[in-house]
Amino acid sequence: MGSAVALSRPAEGASAEEWDDYLHNRDNPAGLSRELWYHNPCGSWIVVERDTATHEILSTTLASEAAR
Ligand SMILES: [Zn+2]
């Protein structure tokens with residue numbers, strides 16, 4: 001997991017604990033991570049699968065398509 005968990009917003013009526021976890025708690029994996037990157041020139045949010053140990057980029061997807 002990585003910052004792309006922000007695409008999985010808790011449902012309406014979720015508990016304060018679920019919101020706390022969604023807003024504040026992040027794993028910091030050594031290995032595959034799914035991150036949200038912002039590309040400033042065109043204003044696109046991109047889901048990037050990256051290996052945090054090697055910095056290899058494994059895939060990129062527009063966040064608008066990944067959230068479906
Ligand atoms: Zn761009």
# chains A, B, ... in the order shown; residues from 1 in each chain; ligands from 1
>>> closest_atom_pairs(of="chain A", to="ligand 1", cutoff="12 Å", atoms="only C-alpha atoms and all ligand atoms", output="CSV")
residue,atom,partner,partner_atom_place_in_ligand_line,distance
A:Trp37,CA,ligand 1,1 (Zn),10.0
A:Tyr38,CA,ligand 1,1 (Zn),8.0
A:His39,CA,ligand 1,1 (Zn),4.7
A:Asn40,CA,ligand 1,1 (Zn),6.6
A:Pro41,CA,ligand 1,1 (Zn),5.7
A:Cys42,CA,ligand 1,1 (Zn),4.3
A:Gly43,CA,ligand 1,1 (Zn),6.2
A:Ser44,CA,ligand 1,1 (Zn),5.3
A:Trp45,CA,ligand 1,1 (Zn),8.1
A:Ile46,CA,ligand 1,1 (Zn),8.5
A:Thr60,CA,ligand 1,1 (Zn),11.4
A:Thr61,CA,ligand 1,1 (Zn),11.3
A:Leu62,CA,ligand 1,1 (Zn),9.5
A:Ala63,CA,ligand 1,1 (Zn),11.7
>>> write_last_selection(atoms="N, CA and C atoms", output="CSV table (one decimal), in the first residue's frame")
chain,number,residue,atom,x,y,z
A,37,TRP,N,0.6,10.4,-7.5
A,37,TRP,CA,1.5,11.4,-7.9
A,37,TRP,C,0.7,12.5,-8.6
A,38,TYR,N,1.2,13.7,-8.5
A,38,TYR,CA,0.5,14.8,-9.2
A,38,TYR,C,1.5,15.4,-10.2
A,39,HIS,N,1.0,15.4,-11.5
A,39,HIS,CA,1.8,15.9,-12.6
A,39,HIS,C,1.4,17.3,-12.8
A,40,ASN,N,2.3,18.3,-12.4
A,40,ASN,CA,1.9,19.7,-12.4
A,40,ASN,C,1.6,20.3,-13.8
A,41,PRO,N,2.4,19.9,-14.8
A,41,PRO,CA,2.2,20.6,-16.1
A,41,PRO,C,0.8,20.4,-16.6
A,42,CYS,N,0.2,19.2,-16.4
A,42,CYS,CA,-1.1,19.0,-17.0
A,42,CYS,C,-2.2,18.8,-15.9
A,43,GLY,N,-1.8,18.9,-14.6
A,43,GLY,CA,-2.8,18.8,-13.6
A,43,GLY,C,-3.4,17.4,-13.4
A,44,SER,N,-2.7,16.4,-13.8
A,44,SER,CA,-3.3,15.0,-13.7
A,44,SER,C,-2.8,14.3,-12.4
A,45,TRP,N,-3.7,13.6,-11.7
A,45,TRP,CA,-3.3,12.7,-10.6
A,45,TRP,C,-3.1,11.3,-11.2
A,46,ILE,N,-2.0,10.7,-10.8
A,46,ILE,CA,-1.6,9.4,-11.4
A,46,ILE,C,-1.4,8.4,-10.3
A,60,THR,N,1.7,2.9,-14.4
A,60,THR,CA,1.1,4.2,-14.1
A,60,THR,C,-0.4,4.2,-14.7
A,61,THR,N,-1.3,4.7,-13.9
A,61,THR,CA,-2.7,4.8,-14.4
A,61,THR,C,-3.3,6.1,-13.9
A,62,LEU,N,-4.0,6.8,-14.8
A,62,LEU,CA,-4.7,8.0,-14.4
A,62,LEU,C,-5.6,7.7,-13.2
A,63,ALA,N,-5.5,8.5,-12.1
A,63,ALA,CA,-6.3,8.2,-10.9
A,63,ALA,C,-7.8,8.2,-11.2
>>> residues_around(residues="A:Glu49", least_positions_apart="6", cutoff="9 Å", atoms="only C-alpha atoms", output="VMD selection string")
chain A and resid 2 32 to 36 56 to 61
>>> select_by_dssp(residues="chain A", states="strand (DSSP E)", output="mmCIF file with N, CA and C atoms, in the first residue's frame")
data_model
loop_
_atom_site.group_PDB
_atom_site.id
_atom_site.type_symbol
_atom_site.label_atom_id
_atom_site.label_comp_id
_atom_site.auth_asym_id
_atom_site.auth_seq_id
_atom_site.Cartn_x
_atom_site.Cartn_y
_atom_site.Cartn_z
ATOM 1 N N LEU A 32 6.750 -3.168 -3.075
ATOM 2 C CA LEU A 32 5.682 -2.609 -3.905
ATOM 3 C C LEU A 32 4.828 -1.610 -3.129
ATOM 4 N N SER A 33 4.681 -0.425 -3.713
ATOM 5 C CA SER A 33 3.861 0.614 -3.121
ATOM 6 C C SER A 33 2.961 1.196 -4.208
ATOM 7 N N ARG A 34 1.751 1.578 -3.827
ATOM 8 C CA ARG A 34 0.811 2.193 -4.771
ATOM 9 C C ARG A 34 0.634 3.633 -4.326
ATOM 10 N N GLU A 35 1.130 4.562 -5.154
ATOM 11 C CA GLU A 35 1.228 5.955 -4.729
ATOM 12 C C GLU A 35 0.402 6.870 -5.625
ATOM 13 N N LEU A 36 0.052 8.020 -5.088
ATOM 14 C CA LEU A 36 -0.619 9.061 -5.863
ATOM 15 C C LEU A 36 0.405 10.137 -6.194
ATOM 16 N N TRP A 37 0.623 10.360 -7.465
ATOM 17 C CA TRP A 37 1.540 11.413 -7.912
ATOM 18 C C TRP A 37 0.738 12.473 -8.645
ATOM 19 N N TYR A 38 1.159 13.726 -8.470
ATOM 20 C CA TYR A 38 0.527 14.847 -9.162
ATOM 21 C C TYR A 38 1.478 15.358 -10.234
ATOM 22 N N HIS A 39 1.004 15.389 -11.487
ATOM 23 C CA HIS A 39 1.839 15.896 -12.577
ATOM 24 C C HIS A 39 1.436 17.336 -12.848
ATOM 25 N N SER A 44 -2.724 16.371 -13.799
ATOM 26 C CA SER A 44 -3.262 15.021 -13.655
ATOM 27 C C SER A 44 -2.762 14.347 -12.379
ATOM 28 N N TRP A 45 -3.668 13.605 -11.713
ATOM 29 C CA TRP A 45 -3.282 12.713 -10.623
ATOM 30 C C TRP A 45 -3.087 11.325 -11.216
ATOM 31 N N ILE A 46 -1.995 10.692 -10.829
ATOM 32 C CA ILE A 46 -1.603 9.412 -11.414
ATOM 33 C C ILE A 46 -1.353 8.402 -10.291
ATOM 34 N N VAL A 47 -1.885 7.198 -10.441
ATOM 35 C CA VAL A 47 -1.549 6.111 -9.515
ATOM 36 C C VAL A 47 -0.296 5.434 -10.068
ATOM 37 N N VAL A 48 0.764 5.462 -9.267
ATOM 38 C CA VAL A 48 2.048 4.898 -9.672
ATOM 39 C C VAL A 48 2.365 3.700 -8.781
ATOM 40 N N GLU A 49 2.556 2.544 -9.406
ATOM 41 C CA GLU A 49 3.041 1.385 -8.660
ATOM 42 C C GLU A 49 4.555 1.428 -8.728
ATOM 43 N N ARG A 50 5.187 1.532 -7.560
ATOM 44 C CA ARG A 50 6.627 1.727 -7.498
ATOM 45 C C ARG A 50 7.209 0.788 -6.444
ATOM 46 N N ASP A 51 8.374 0.258 -6.742
ATOM 47 C CA ASP A 51 9.109 -0.529 -5.751
ATOM 48 C C ASP A 51 9.956 0.444 -4.944
ATOM 49 N N ILE A 57 9.547 1.816 -11.495
ATOM 50 C CA ILE A 57 8.133 2.100 -11.733
ATOM 51 C C ILE A 57 7.550 0.905 -12.484
ATOM 52 N N LEU A 58 6.509 0.296 -11.910
ATOM 53 C CA LEU A 58 5.930 -0.910 -12.485
ATOM 54 C C LEU A 58 4.711 -0.595 -13.349
ATOM 55 N N SER A 59 3.958 0.442 -12.993
ATOM 56 C CA SER A 59 2.820 0.827 -13.816
ATOM 57 C C SER A 59 2.373 2.232 -13.441
ATOM 58 N N THR A 60 1.676 2.886 -14.363
ATOM 59 C CA THR A 60 1.052 4.180 -14.106
ATOM 60 C C THR A 60 -0.358 4.154 -14.685
ATOM 61 N N THR A 61 -1.302 4.729 -13.947
ATOM 62 C CA THR A 61 -2.700 4.788 -14.379
ATOM 63 C C THR A 61 -3.270 6.131 -13.948
ATOM 64 N N LEU A 62 -4.038 6.778 -14.800
ATOM 65 C CA LEU A 62 -4.712 7.999 -14.372
ATOM 66 C C LEU A 62 -5.600 7.679 -13.171
#
>>> atom_distance(atom1="atom CA of A:Glu17", atom2="atom CA of A:Gly31")
27.2 Å
>>> select_by_dssp(residues="chain A", states="helix (DSSP H, G or I)", output="PyMOL selection string")
chain A and resi 3-7+16-24+63-66
>>> atom_distance(atom1="atom CA of A:His55", atom2="atom CA of A:Leu7")
22.1 Å
>>> residues_around(residues="A:Glu18", least_positions_apart="6", cutoff="10 Å", atoms="only C-alpha atoms", output="PyMOL selection string")
chain A and resi 9-11
